[in-house]
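Trainee: This one is final_10.cif, mmCIF, C-alpha atoms.
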```cif
data_protein
#
loop_
_atom_site.label_atom_id
_atom_site.label_comp_id
_atom_site.auth_asym_id
_atom_site.auth_seq_id
_atom_site.Cartn_x
_atom_site.Cartn_y
_atom_site.Cartn_z
CA MET P 1 -17.31 -14.07 -10.24
CA ASP P 2 -19.13 -11.17 -11.93
CA LYS P 3 -17.30 -8.32 -10.20
CA VAL P 4 -13.92 -8.61 -8.48
CA ILE P 5 -12.83 -5.53 -6.54
CA ILE P 6 -9.52 -5.11 -4.73
CA ILE P 7 -9.52 -2.03 -2.50
CA LEU P 8 -5.94 -1.46 -1.39
CA CYS P 9 -5.77 1.14 1.38
CA ASP P 10 -2.24 2.44 1.05
CA THR P 11 -0.28 2.41 4.34
CA LEU P 12 -3.07 0.81 6.37
CA ARG P 13 -1.51 -1.17 9.20
CA ALA P 14 -3.25 -4.03 10.97
CA LYS P 15 -2.33 -2.67 14.37
CA SER P 16 -4.79 0.24 14.12
CA LEU P 17 -7.86 -1.89 13.31
CA PRO P 18 -10.28 -3.49 15.82
CA HIS P 19 -10.11 -6.92 14.16
CA TYR P 20 -6.35 -6.93 14.78
CA GLY P 21 -6.39 -5.65 18.36
CA GLY P 22 -6.52 -1.90 17.68
CA GLU P 23 -7.22 0.25 20.74
CA ARG P 24 -9.76 2.55 19.04
CA ASN P 25 -12.82 1.76 16.97
CA THR P 26 -11.50 2.99 13.63
CA THR P 27 -13.98 0.93 11.57
CA PRO P 28 -17.39 1.36 13.24
CA ASN P 29 -19.32 0.95 9.98
CA LEU P 30 -17.26 -1.89 8.53
CA ASN P 31 -17.14 -3.97 11.72
CA HIS P 32 -20.61 -5.47 11.27
CA ILE P 33 -20.16 -5.94 7.51
CA ILE P 34 -16.85 -7.73 7.98
CA ASP P 35 -18.15 -9.87 10.85
CA SER P 36 -21.12 -10.94 8.75
CA ASP P 37 -19.68 -11.38 5.28
CA PHE P 38 -15.88 -11.41 5.13
CA THR P 39 -13.05 -13.78 5.96
CA VAL P 40 -10.51 -12.06 8.21
CA PHE P 41 -6.94 -13.23 7.68
CA ASN P 42 -5.31 -12.70 11.07
CA LYS P 43 -1.71 -13.20 9.98
CA ALA P 44 -1.41 -11.30 6.70
CA TYR P 45 1.83 -9.61 5.70
CA ALA P 46 2.97 -7.16 3.06
CA SER P 47 5.46 -8.39 0.50
CA ALA P 48 7.50 -5.26 1.23
CA PRO P 49 7.28 -2.25 3.58
CA TRP P 50 7.21 0.16 0.64
CA THR P 51 4.71 0.87 -2.13
CA ILE P 52 6.51 -0.06 -5.34
CA PRO P 53 8.05 -3.44 -4.42
CA SER P 54 4.86 -4.42 -2.61
CA HIS P 55 2.71 -3.65 -5.66
CA LEU P 56 5.19 -5.44 -7.93
CA SER P 57 4.67 -8.56 -5.83
CA LEU P 58 0.89 -8.18 -5.66
CA PHE P 59 0.68 -7.84 -9.44
CA THR P 60 2.95 -10.83 -10.23
CA GLY P 61 2.70 -13.26 -7.29
CA LEU P 62 6.47 -13.10 -6.83
CA TYR P 63 8.75 -11.77 -4.11
CA PRO P 64 10.21 -8.31 -4.87
CA THR P 65 13.72 -9.58 -5.64
CA GLN P 66 12.25 -12.08 -8.11
CA VAL P 67 10.49 -9.27 -10.00
CA MET P 68 12.99 -6.42 -9.81
CA GLU P 69 15.87 -6.58 -12.28
CA THR P 70 18.01 -4.63 -9.80
CA PRO P 71 17.31 -3.58 -6.19
CA THR P 72 16.48 -0.08 -7.43
CA SER P 73 14.56 -0.94 -10.63
CA LEU P 74 11.10 0.43 -9.97
CA LYS P 75 9.20 -0.38 -13.17
CA LEU P 76 6.88 -3.33 -13.68
CA SER P 77 8.54 -5.48 -16.34
CA PRO P 78 6.48 -6.23 -19.49
CA ASN P 79 7.68 -9.85 -19.27
CA PHE P 80 5.34 -10.86 -16.44
CA THR P 81 1.69 -11.86 -16.58
CA THR P 82 -0.02 -9.53 -14.13
CA LEU P 83 -3.01 -9.91 -11.85
CA ALA P 84 -4.93 -7.64 -14.22
CA GLY P 85 -3.70 -9.79 -17.12
CA LEU P 86 -5.24 -12.91 -15.56
CA PHE P 87 -8.64 -11.25 -15.62
CA LYS P 88 -8.23 -9.58 -19.02
CA ASP P 89 -7.28 -12.88 -20.65
CA SER P 90 -10.31 -14.46 -18.94
CA GLY P 91 -12.77 -12.05 -20.54
CA TYR P 92 -13.03 -9.37 -17.85
CA LYS P 93 -12.91 -5.64 -18.38
CA THR P 94 -10.02 -4.41 -16.23
CA THR P 95 -9.97 -1.02 -14.51
CA GLY P 96 -7.26 0.44 -12.30
CA ILE P 97 -7.86 3.54 -10.18
CA SER P 98 -4.84 4.96 -8.37
CA THR P 99 -4.38 7.96 -6.09
CA ASN P 100 -0.66 7.18 -5.61
CA ALA P 101 1.78 8.68 -8.12
CA LEU P 102 4.08 5.69 -7.57
CA VAL P 103 1.35 3.30 -8.74
CA SER P 104 1.24 4.93 -12.14
CA ARG P 105 1.84 4.67 -15.85
CA LYS P 106 5.33 6.02 -15.22
CA PHE P 107 6.21 2.72 -13.54
CA ASN P 108 4.15 0.54 -15.96
CA PHE P 109 1.46 -0.32 -13.39
CA ASN P 110 -1.15 0.33 -16.08
CA LYS P 111 -0.04 -2.91 -17.79
CA ASP P 112 -3.04 -5.11 -18.73
CA PHE P 113 -5.65 -2.58 -17.57
CA ASP P 114 -8.21 -1.55 -20.18
CA VAL P 115 -8.72 1.65 -18.22
CA PHE P 116 -6.17 3.14 -15.81
CA LEU P 117 -7.09 6.34 -13.97
CA GLN P 118 -4.57 8.56 -12.17
CA LEU P 119 -6.53 10.56 -9.62
CA TRP P 120 -3.83 13.11 -8.71
CA LEU P 121 -4.34 14.71 -12.15
CA PRO P 122 -7.22 16.89 -13.45
CA ASP P 123 -7.57 14.57 -16.46
CA GLU P 124 -7.41 11.13 -14.83
CA LYS P 125 -6.63 9.46 -18.18
CA ALA P 126 -3.63 11.71 -18.90
CA ASP P 127 0.06 11.21 -18.16
CA ASP P 128 2.05 13.25 -15.67
CA ILE P 129 4.01 16.08 -17.26
CA TYR P 130 7.35 16.61 -15.53
CA PRO P 131 10.08 19.13 -16.35
CA ASP P 132 13.58 17.65 -16.54
CA ARG P 133 14.98 18.35 -13.09
CA GLY P 134 18.45 17.55 -14.38
CA GLU P 135 18.54 20.91 -16.16
CA THR P 136 20.04 23.74 -14.15
CA SER P 137 17.74 26.59 -15.19
CA LYS P 138 13.96 26.90 -15.21
CA PHE P 139 14.08 28.24 -18.79
CA LYS P 140 15.95 25.16 -20.05
CA ARG P 141 13.52 22.83 -18.26
CA LEU P 142 10.53 24.52 -19.89
CA LEU P 143 12.24 24.60 -23.29
CA LYS P 144 12.85 20.88 -23.05
CA LEU P 145 9.15 20.35 -22.33
CA ILE P 146 8.18 22.33 -25.42
CA ASN P 147 10.58 20.35 -27.62
CA ALA P 148 9.42 16.97 -26.29
CA PRO P 149 6.70 14.88 -28.03
CA GLY P 150 3.46 16.80 -27.49
CA GLY P 151 5.13 20.13 -28.25
CA PRO P 152 3.92 23.41 -26.69
CA GLY P 153 0.84 21.59 -25.38
CA ASN P 154 3.08 20.03 -22.73
CA LEU P 155 3.52 23.44 -21.17
CA TRP P 156 -0.23 24.01 -20.81
CA LYS P 157 -0.71 20.48 -19.40
CA PHE P 158 2.12 20.96 -16.93
CA TYR P 159 0.69 24.19 -15.53
CA SER P 160 -2.88 22.89 -15.45
CA GLN P 161 -1.73 19.82 -13.50
CA LYS P 162 0.29 22.00 -11.14
CA LYS P 163 -2.69 24.32 -10.59
CA TYR P 164 -5.00 21.36 -9.92
CA LYS P 165 -2.63 19.83 -7.35
CA LYS P 166 -2.31 23.17 -5.58
CA ARG P 167 -6.05 23.89 -5.62
CA PHE P 168 -6.96 20.59 -3.97
CA ASN P 169 -3.74 20.30 -1.92
CA ILE P 170 -3.18 16.87 -3.50
CA ILE P 171 0.24 16.30 -1.92
CA ASP P 172 -0.83 16.91 1.69
CA ASP P 173 -4.54 16.04 1.69
CA ALA P 174 -5.88 12.80 0.21
CA THR P 175 -9.58 13.40 0.83
CA HIS P 176 -10.43 15.01 -2.52
CA SER P 177 -8.79 12.12 -4.43
CA THR P 178 -10.47 9.54 -2.18
CA ASN P 179 -13.91 11.01 -2.80
CA ARG P 180 -13.23 11.22 -6.52
CA THR P 181 -12.04 7.60 -6.55
CA PHE P 182 -15.23 6.13 -5.11
CA THR P 183 -17.43 8.39 -7.21
CA LEU P 184 -15.70 7.15 -10.37
CA LEU P 185 -15.82 3.56 -9.12
CA LYS P 186 -19.59 3.73 -8.62
CA LYS P 187 -20.05 5.43 -12.00
CA SER P 188 -18.00 2.77 -13.80
CA MET P 189 -19.84 -0.09 -12.10
CA HIS P 190 -23.19 1.47 -12.98
CA GLN P 191 -22.22 1.86 -16.65
CA ASN P 192 -20.84 -1.68 -16.88
CA ARG P 193 -23.16 -3.56 -14.53
CA ALA P 194 -23.81 -6.30 -17.13
CA VAL P 195 -20.09 -6.80 -17.84
CA LYS P 196 -17.63 -9.04 -15.99
CA GLU P 197 -15.14 -6.67 -14.39
CA PHE P 198 -11.95 -6.56 -12.36
CA TYR P 199 -11.19 -3.41 -10.39
CA PHE P 200 -8.00 -2.49 -8.58
CA VAL P 201 -8.16 0.63 -6.39
CA ASN P 202 -5.28 2.27 -4.52
CA ALA P 203 -6.60 4.76 -1.94
CA MET P 204 -4.03 7.04 -0.27
CA GLN P 205 -6.23 8.35 2.56
CA ALA P 206 -4.14 6.81 5.36
CA HIS P 207 -0.77 7.78 3.87
CA GLU P 208 1.40 10.49 5.36
CA LYS P 209 0.82 13.47 5.50
CA TYR P 210 -2.03 12.87 7.94
CA ASN P 211 -4.73 15.44 7.32
CA PRO P 212 -8.14 13.94 8.16
CA PRO P 213 -11.27 15.69 6.83
CA MET P 214 -13.69 17.59 9.03
CA GLN P 215 -16.05 14.58 9.23
CA THR P 216 -13.53 12.65 11.32
CA ARG P 217 -10.98 15.24 12.53
CA ASN P 218 -10.87 15.66 16.32
CA THR P 219 -12.58 12.31 16.93
CA PHE P 220 -9.58 10.74 18.67
CA VAL P 221 -7.47 13.83 19.45
CA LYS P 222 -8.18 17.55 19.63
CA ASN P 223 -6.36 19.83 17.22
CA ASN P 224 -2.99 20.99 18.57
CA PRO P 225 -1.75 24.07 16.62
CA VAL P 226 1.80 23.69 17.95
CA PHE P 227 2.07 20.08 16.78
CA GLU P 228 0.39 20.91 13.47
CA LEU P 229 2.95 23.63 12.77
CA LEU P 230 5.86 21.37 13.71
CA TYR P 231 4.53 18.62 11.46
CA LYS P 232 3.96 21.04 8.58
CA ASN P 233 7.55 22.28 8.72
CA ARG P 234 9.33 18.94 9.21
CA SER P 235 9.59 15.92 6.94
CA VAL P 236 9.76 12.24 7.80
CA LEU P 237 13.45 12.30 6.93
CA ASP P 238 14.07 14.82 9.73
CA HIS P 239 13.16 12.10 12.22
CA TYR P 240 16.17 10.06 11.09
CA ALA P 241 18.67 12.61 9.81
CA VAL P 242 18.14 15.68 12.01
CA GLU P 243 16.18 15.12 15.23
CA PRO P 244 13.64 12.42 16.16
CA PHE P 245 10.04 13.44 16.59
CA SER P 246 9.07 13.48 20.27
CA ASP P 247 6.88 10.75 21.75
CA GLU P 248 4.14 13.36 22.25
CA ILE P 249 3.96 14.41 18.61
CA LEU P 250 4.23 10.80 17.40
CA LYS P 251 1.22 9.87 19.54
CA TYR P 252 -0.64 12.90 18.20
CA LEU P 253 0.15 11.88 14.60
CA GLU P 254 -0.91 8.29 15.31
CA LEU P 255 -4.34 9.52 16.36
CA ARG P 256 -4.55 11.80 13.31
CA TYR P 257 -3.66 8.75 11.19
CA GLU P 258 -6.45 6.75 12.80
CA GLU P 259 -8.88 9.57 12.00
CA GLU P 260 -7.88 9.08 8.36
CA ILE P 261 -8.75 5.38 8.74
CA LEU P 262 -12.08 6.40 10.21
CA TYR P 263 -12.81 8.28 6.99
CA LEU P 264 -11.82 5.24 4.93
CA ASP P 265 -14.35 3.29 6.96
CA HIS P 266 -16.98 5.83 5.92
CA VAL P 267 -16.28 5.77 2.17
CA ILE P 268 -15.75 1.99 1.88
CA SER P 269 -18.89 1.15 3.85
CA ASP P 270 -20.79 3.68 1.71
CA PHE P 271 -19.49 1.92 -1.41
CA ILE P 272 -20.60 -1.46 -0.06
CA GLU P 273 -24.03 0.02 0.63
CA TYR P 274 -24.11 1.14 -3.01
CA LEU P 275 -23.37 -2.42 -4.13
CA LYS P 276 -26.16 -3.77 -1.94
CA ASN P 277 -28.68 -1.21 -3.16
CA ASN P 278 -27.86 -2.06 -6.78
CA ASN P 279 -27.95 -5.86 -6.39
CA LEU P 280 -24.23 -6.15 -7.05
CA TYR P 281 -23.04 -7.18 -3.61
CA ASP P 282 -23.89 -10.88 -3.28
CA SER P 283 -22.18 -11.92 -6.52
CA ALA P 284 -19.14 -9.68 -5.99
CA THR P 285 -15.73 -10.71 -4.71
CA ILE P 286 -14.29 -7.94 -2.54
CA VAL P 287 -10.79 -7.70 -1.08
CA ILE P 288 -9.86 -4.97 1.40
CA THR P 289 -6.16 -4.90 2.18
CA SER P 290 -2.99 -2.77 2.22
CA ASP P 291 0.48 -2.61 0.69
CA HIS P 292 2.32 -1.98 3.98
CA GLY P 293 1.88 -0.51 7.44
CA GLU P 294 3.18 2.44 9.46
CA HIS P 295 5.25 3.27 12.55
CA PHE P 296 4.63 5.86 15.25
CA GLY P 297 7.70 5.42 17.41
CA GLU P 298 7.67 1.62 17.69
CA ASN P 299 11.25 0.32 17.60
CA GLY P 300 12.37 3.93 17.12
CA HIS P 301 10.76 4.30 13.68
CA PHE P 302 8.38 6.78 12.06
CA THR P 303 6.35 5.87 8.96
CA HIS P 304 7.81 2.90 7.03
CA LEU P 305 11.14 4.00 5.55
CA PHE P 306 13.68 1.78 7.32
CA SER P 307 11.72 -1.07 8.87
CA VAL P 308 10.47 -4.61 8.51
CA TYR P 309 9.13 -4.68 12.07
CA GLU P 310 5.50 -5.70 12.58
CA PRO P 311 3.92 -2.22 12.38
CA ALA P 312 5.45 -1.79 8.91
CA ILE P 313 4.67 -5.19 7.39
CA LYS P 314 1.64 -6.68 9.16
CA ILE P 315 -1.44 -5.67 7.19
CA PRO P 316 -5.18 -6.29 7.18
CA MET P 317 -6.71 -8.67 4.67
CA TYR P 318 -10.48 -9.08 4.46
CA ILE P 319 -12.09 -11.08 1.65
CA LYS P 320 -15.76 -11.52 0.74
CA TRP P 321 -16.26 -14.41 -1.65
CA PRO P 322 -19.19 -14.45 -4.13
CA GLY P 323 -22.47 -15.91 -2.98
CA LYS P 324 -23.57 -16.36 0.59
CA GLU P 325 -21.89 -19.61 1.62
CA GLY P 326 -18.58 -19.18 3.38
CA ASN P 327 -19.19 -15.51 4.16
CA ILE P 328 -19.89 -15.84 7.86
CA GLY P 329 -17.19 -13.75 9.46
CA VAL P 330 -14.54 -16.48 9.45
CA PHE P 331 -11.22 -15.75 11.17
CA ASN P 332 -8.41 -17.48 9.29
CA ASP P 333 -5.16 -17.99 11.21
CA ARG P 334 -3.03 -19.08 8.25
CA LEU P 335 0.15 -17.17 7.50
CA VAL P 336 -0.56 -15.29 4.25
CA SER P 337 1.18 -12.74 2.04
CA LEU P 338 -0.26 -9.96 -0.09
CA HIS P 339 0.96 -11.61 -3.27
CA ASP P 340 -1.02 -14.78 -2.45
CA LEU P 341 -3.94 -13.02 -4.15
CA TYR P 342 -2.25 -13.77 -7.49
CA SER P 343 -2.46 -17.57 -7.23
CA THR P 344 -5.87 -17.35 -5.57
CA PHE P 345 -7.43 -15.61 -8.55
CA SER P 346 -5.35 -17.52 -11.10
CA ASN P 347 -6.86 -20.78 -9.83
CA LEU P 348 -10.37 -19.37 -9.47
CA LEU P 349 -10.18 -18.29 -13.12
CA ASN P 350 -8.71 -21.66 -14.18
CA TYR P 351 -5.89 -19.72 -15.81
CA TRP P 352 -3.65 -21.78 -18.07
CA GLU P 353 -0.25 -20.61 -16.81
CA PRO P 354 1.19 -22.32 -13.71
CA CYS P 355 1.17 -20.30 -10.49
CA PRO P 356 4.51 -19.19 -9.03
CA ASP P 357 5.70 -21.21 -6.04
CA SER P 358 5.96 -17.99 -4.03
CA SER P 359 2.19 -17.46 -4.13
CA LEU P 360 -0.36 -19.55 -2.18
CA ASP P 361 -3.99 -20.13 -3.19
CA LEU P 362 -6.05 -18.79 -0.28
CA THR P 363 -9.01 -20.99 -1.22
CA SER P 364 -6.94 -24.15 -0.90
CA LEU P 365 -6.08 -26.14 2.21
CA ASN P 366 -2.38 -25.50 1.70
CA LYS P 367 -0.52 -23.64 4.43
CA ARG P 368 2.70 -21.68 4.46
CA THR P 369 5.50 -22.54 6.84
CA PHE P 370 7.07 -19.09 6.29
CA LEU P 371 6.88 -15.92 4.24
CA ILE P 372 9.29 -13.13 3.37
CA SER P 373 8.88 -9.36 3.40
CA GLN P 374 11.67 -7.55 1.58
CA LEU P 375 12.99 -4.02 1.33
CA PRO P 376 15.40 -4.49 -1.60
CA SER P 377 17.10 -1.12 -1.20
CA MET P 378 17.17 1.79 1.23
CA ALA P 379 19.44 3.82 -1.06
CA TYR P 380 16.67 6.21 -2.07
CA THR P 381 15.81 7.20 1.50
CA GLU P 382 19.46 7.23 2.51
CA ALA P 383 20.11 9.80 -0.24
CA GLY P 384 17.19 11.89 1.00
CA CYS P 385 18.55 11.80 4.55
CA LYS P 386 21.98 12.89 3.32
CA LYS P 387 20.39 16.02 1.84
CA LYS P 388 19.13 16.82 5.32
CA ASN P 389 22.37 15.86 7.02
CA SER P 390 25.50 15.23 4.95
CA ASN P 391 26.95 13.09 7.76
CA PHE P 392 23.99 10.71 7.84
CA SER P 393 24.77 7.01 7.44
CA LEU P 394 22.68 3.85 7.54
CA GLY P 395 25.18 2.70 10.12
CA ASP P 396 23.71 5.34 12.45
CA LEU P 397 20.53 3.24 12.45
CA GLY P 398 22.42 0.00 13.04
CA PHE P 399 22.25 -1.32 9.46
CA GLU P 400 25.11 -3.18 7.81
CA ASP P 401 23.88 -2.60 4.26
CA ASP P 402 20.99 -0.96 2.42
CA SER P 403 18.59 -3.93 2.18
CA LEU P 404 16.30 -5.60 4.69
CA ASN P 405 14.57 -8.98 4.80
CA ALA P 406 12.04 -10.26 7.32
CA TYR P 407 11.34 -14.01 7.52
CA VAL P 408 8.12 -14.78 9.39
CA PHE P 409 7.37 -18.40 10.35
CA ASN P 410 4.01 -19.94 11.19
CA ASP P 411 5.23 -20.96 14.66
CA GLY P 412 5.67 -17.29 15.62
CA LYS P 413 9.39 -17.05 14.96
CA LYS P 414 10.68 -14.06 12.99
CA ILE P 415 14.16 -13.26 11.69
CA ILE P 416 15.25 -9.84 10.46
CA GLU P 417 18.30 -9.81 8.17
CA HIS P 418 20.48 -6.91 7.09
CA GLY P 419 23.88 -7.77 5.73
CA GLY P 420 25.38 -10.49 7.90
CA ASN P 421 23.34 -9.42 10.90
CA LEU P 422 20.49 -11.78 11.85
CA LEU P 423 18.09 -10.97 14.69
CA GLU P 424 15.53 -13.53 15.85
CA TYR P 425 12.27 -12.67 17.61
CA ASN P 426 9.48 -14.73 19.16
CA LEU P 427 6.28 -12.92 18.17
CA ILE P 428 4.16 -14.97 20.57
CA ASP P 429 6.12 -14.07 23.71
CA ASP P 430 7.52 -10.78 22.38
CA PRO P 431 4.95 -9.25 20.00
CA ARG P 432 6.56 -5.79 20.20
CA GLU P 433 9.94 -7.17 19.08
CA LYS P 434 11.85 -5.82 22.06
CA THR P 435 14.16 -8.74 22.90
CA PRO P 436 16.00 -10.17 19.90
CA LYS P 437 18.59 -12.90 19.99
CA ALA P 438 21.24 -13.79 17.46
CA ALA P 439 20.06 -16.24 14.79
CA SER P 440 21.99 -18.83 12.83
CA GLU P 441 22.46 -18.38 9.09
CA ARG P 442 21.74 -22.07 8.52
CA ILE P 443 18.04 -21.57 9.16
CA LEU P 444 17.81 -19.32 6.08
CA ASP P 445 20.00 -21.28 3.66
CA THR P 446 17.21 -23.54 2.38
CA ILE P 447 14.76 -20.67 1.99
CA LYS P 448 17.20 -18.59 -0.05
CA SER P 449 18.26 -21.45 -2.29
CA LYS P 450 14.68 -22.41 -3.15
CA ILE P 451 12.91 -19.05 -3.23
CA LEU P 452 15.23 -16.13 -3.79
CA ASP P 453 17.91 -17.44 -6.19
#
```
As structure tokens, how would this structure be written, given the file I've shared?
Mentor:
Amino acid sequence: MDKVIIILCDTLRAKSLPHYGGERNTTPNLNHIIDSDFTVFNKAYASAPWTIPSHLSLFTGLYPTQVMETPTSLKLSPNFTTLAGLFKDSGYKTTGISTNALVSRKFNFNKDFDVFLQLWLPDEKADDIYPDRGETSKFKRLLKLINAPGGPGNLWKFYSQKKYKKRFNIIDDATHSTNRTFTLLKKSMHQNRAVKEFYFVNAMQAHEKYNPPMQTRNTFVKNNPVFELLYKNRSVLDHYAVEPFSDEILKYLELRYEEEILYLDHVISDFIEYLKNNNLYDSATIVITSDHGEHFGENGHFTHLFSVYEPAIKIPMYIKWPGKEGNIGVFNDRLVSLHDLYSTFSNLLNYWEPCPDSSLDLTSLNKRTFLISQLPSMAYTEAGCKKKNSNFSLGDLGFEDDSLNAYVFNDGKKIIEHGGNLLEYNLIDDPREKTPKAASERILDTIKSKILD
């Protein structure tokens, strides 16, 4: 493996892609490439329906609760060998490119990367400069910045970062960062074409807020100024704490979201064309996947804040192996998890540490009987909802506590657990998860004792 590239499309759900039954052709350029050269994993799931725990699992091969010291500990622990570490120890140059401020140095996701670029900043190699929001006055916050390591220079960095984010509308429009990401990726690969390399890319194009560029805007839905204004002035939390978004605006936003995917199709296929034109494609290993999915009204949810239903946790996973053999558009029906990539590459590299039991080698003949997707804590979003509505409670959404687990079995059975409440679904007969039945705790006892303790 000369070049290994993981392109993680943040918030890309399987449901909106043609290979997974999507209604619209959101990947017109990638369809032929994937059919010709990639393995399509039909039953791939995120380790969690939220960015940080899902990335923690991807980087360590463990379930979120095995990695996180507490349900709300968000940093990658220095005690774990990471996916990047496997490659670095095996003689690869490791490069991380992130457009998501949660996948950042702040949370230690730069661990084991030789180069880690943060694309929401004007200087992609710099750290975020934040004032202390715990201080009551603006003057005290700025004074604290000046007195921190880095001195008065912190103030200049803070304002330059703020100006950059405002100029390119970084918070509400991912396109500038996406374009910058693939430009830097091509540049790095050109400069290091003779070097063995591992790349991890997080691209935020499909993440809320949905603001597709002109190249793809109005492909699936015409611009609606009324809906655009409503969406601009309301947050995701309003859907839960104040008033649900209407079915009409949710459908509109779903189509806007799929126009974002259409742009991802453009930039990823363009990158693959670059690899082909520079004789880098055949020997490369390429993974295209996601950290979690998205809701647009399914089961009453919007985005991915409070859910382990299928739209939030079922993700795409496409893999092109090096060489030509085996790359014939294979559809693989095994049950797989995002963090299975850890053991896959550990074994391909002949790494000396044993693989965690929670991670399955995708090149082996082994098959899972089940997997788990976990949301260790909803406390952070609950707190946000309380700011919108002081009377808000997770109980309003039917939850018994602030954590969620989904257990998906290879026979199509699925159990959702929150507190002592267990709901069982049959995904074969009830793919939309409309008709649950009560499940017995005994079915989960063995799993918990072996995996989660």
Trainee: Here's the selection I'm unsure about, the PyMOL selection byres ((chain P and resi 210-216) around 9); applied to the file above, which residues does it give, as a PyMOL selection string?
Mentor: chain P and resi 172-175+205-209+217-220+253-254+256-263
Trainee: Would you mind exporting C-alpha atoms of the selected residues as a PDB file, in the frame of the given file?
Mentor:
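File again_8.pdb, as written:
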```pdb
ATOM      1  CA  ASP P 172      -0.830  16.910   1.690  1.00  0.00           C
ATOM      2  CA  ASP P 173      -4.540  16.040   1.690  1.00  0.00           C
ATOM      3  CA  ALA P 174      -5.880  12.800   0.210  1.00  0.00           C
ATOM      4  CA  THR P 175      -9.580  13.400   0.830  1.00  0.00           C
ATOM      5  CA  GLN P 205      -6.230   8.350   2.560  1.00  0.00           C
ATOM      6  CA  ALA P 206      -4.140   6.810   5.360  1.00  0.00           C
ATOM      7  CA  HIS P 207      -0.770   7.780   3.870  1.00  0.00           C
ATOM      8  CA  GLU P 208       1.400  10.490   5.360  1.00  0.00           C
ATOM      9  CA  LYS P 209       0.820  13.470   5.500  1.00  0.00           C
ATOM     10  CA  ARG P 217     -10.980  15.240  12.530  1.00  0.00           C
ATOM     11  CA  ASN P 218     -10.870  15.660  16.320  1.00  0.00           C
ATOM     12  CA  THR P 219     -12.580  12.310  16.930  1.00  0.00           C
ATOM     13  CA  PHE P 220      -9.580  10.740  18.670  1.00  0.00           C
ATOM     14  CA  LEU P 253       0.150  11.880  14.600  1.00  0.00           C
ATOM     15  CA  GLU P 254      -0.910   8.290  15.310  1.00  0.00           C
ATOM     16  CA  ARG P 256      -4.550  11.800  13.310  1.00  0.00           C
ATOM     17  CA  TYR P 257      -3.660   8.750  11.190  1.00  0.00           C
ATOM     18  CA  GLU P 258      -6.450   6.750  12.800  1.00  0.00           C
ATOM     19  CA  GLU P 259      -8.880   9.570  12.000  1.00  0.00           C
ATOM     20  CA  GLU P 260      -7.880   9.080   8.360  1.00  0.00           C
ATOM     21  CA  ILE P 261      -8.750   5.380   8.740  1.00  0.00           C
ATOM     22  CA  LEU P 262     -12.080   6.400  10.210  1.00  0.00           C
ATOM     23  CA  TYR P 263     -12.810   8.280   6.990  1.00  0.00           C
TER      24      TYR P 263
END
```
Trainee: Choose the residue, out of P:Lys166, P:Arg334, P:Arg368, P:His301, that has the smallest atom-to-atom separation from P:Asp247; count all atoms listed in the file.
Mentor: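 Looking at the shortest contact to P:Asp247, the residue is P:His301.
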Trainee: Between P:Ala46, P:Leu362, P:Val408, P:Met378, which one has atoms that come closest to P:Ile447, using all atoms listed in the file?
Mentor: P:Val408
Trainee: With distances taken over only C-alpha atoms, which residue among P:Lys125, P:His292, P:Lys186, P:Lys93 lies nearest P:Arg105?
Mentor: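 Counting only C-alpha atoms, the residue closest to P:Arg105 is P:Lys125.
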Trainee: One decimal, in Å: what's the spacing between atom CA of P:Gly398 and atom CA of P:Thr369?
Mentor: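 According to the coordinates, atom CA of P:Gly398 and atom CA of P:Thr369 are separated by 28.9 Å.
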Trainee: Using all atoms listed in the file, which of the listed residues (P:Phe302, P:Leu349, P:Lys314, P:Trp50) sits closest to P:Tyr92?
Mentor: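 Answer, going by the shortest atom-to-atom distance: P:Leu349.
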Trainee: List the spatial neighbours of P:Phe113 as a ChimeraX atom specification - criterion: any atom at most 10 Å away, all atoms listed in the file, same-chain residues fewer than 6 positions off excluded.
Mentor: /P:82-85,87-88,93-97,198-200
Trainee: Output the selection as a short mmCIF file (atom, residue, chain, number, x, y, z; two decimals), keeping the file's coordinate frame - C-alpha atoms for each residue.
Mentor:
```cif
data_model
loop_
_atom_site.label_atom_id
_atom_site.label_comp_id
_atom_site.auth_asym_id
_atom_site.auth_seq_id
_atom_site.Cartn_x
_atom_site.Cartn_y
_atom_site.Cartn_z
CA THR P 82 -0.02 -9.53 -14.13
CA LEU P 83 -3.01 -9.91 -11.85
CA ALA P 84 -4.93 -7.64 -14.22
CA GLY P 85 -3.70 -9.79 -17.12
CA PHE P 87 -8.64 -11.25 -15.62
CA LYS P 88 -8.23 -9.58 -19.02
CA LYS P 93 -12.91 -5.64 -18.38
CA THR P 94 -10.02 -4.41 -16.23
CA THR P 95 -9.97 -1.02 -14.51
CA GLY P 96 -7.26 0.44 -12.30
CA ILE P 97 -7.86 3.54 -10.18
CA PHE P 198 -11.95 -6.56 -12.36
CA TYR P 199 -11.19 -3.41 -10.39
CA PHE P 200 -8.00 -2.49 -8.58
#
```
Trainee: Which residue is closest to P:Thr60? Choose from P:Lys437, P:Lys187, P:Lys111, P:Lys386 and count only C-alpha atoms.
Mentor: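 Checking each candidate against P:Thr60, we get P:Lys111 as the closest.
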Trainee: With distances taken over all atoms listed in the file, which of P:Glu424, P:Glu353, P:Glu197, P:Asp340 is nearest to P:Met1?
Mentor: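 For P:Met1, the nearest of the candidates is P:Glu197.
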Trainee: Do you know which residues the PyMOL selection byres ((chain P and resi 29) around 9) returns on this file, as a PyMOL selection string?
Mentor: chain P and resi 26-28+30-33+265-266+268-270
Trainee: Name every residue that the PyMOL selection byres ((chain P and resi 128) around 8) selects in this structure, writing the answer as a list in words with chains first and numbers rising.
Mentor: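 Evaluating the PyMOL selection byres ((chain P and resi 128) around 8) on this file yields Lys106, Leu121, Ala126, Asp127, Ile129, Tyr130, Phe158 and Gln161 of chain P.
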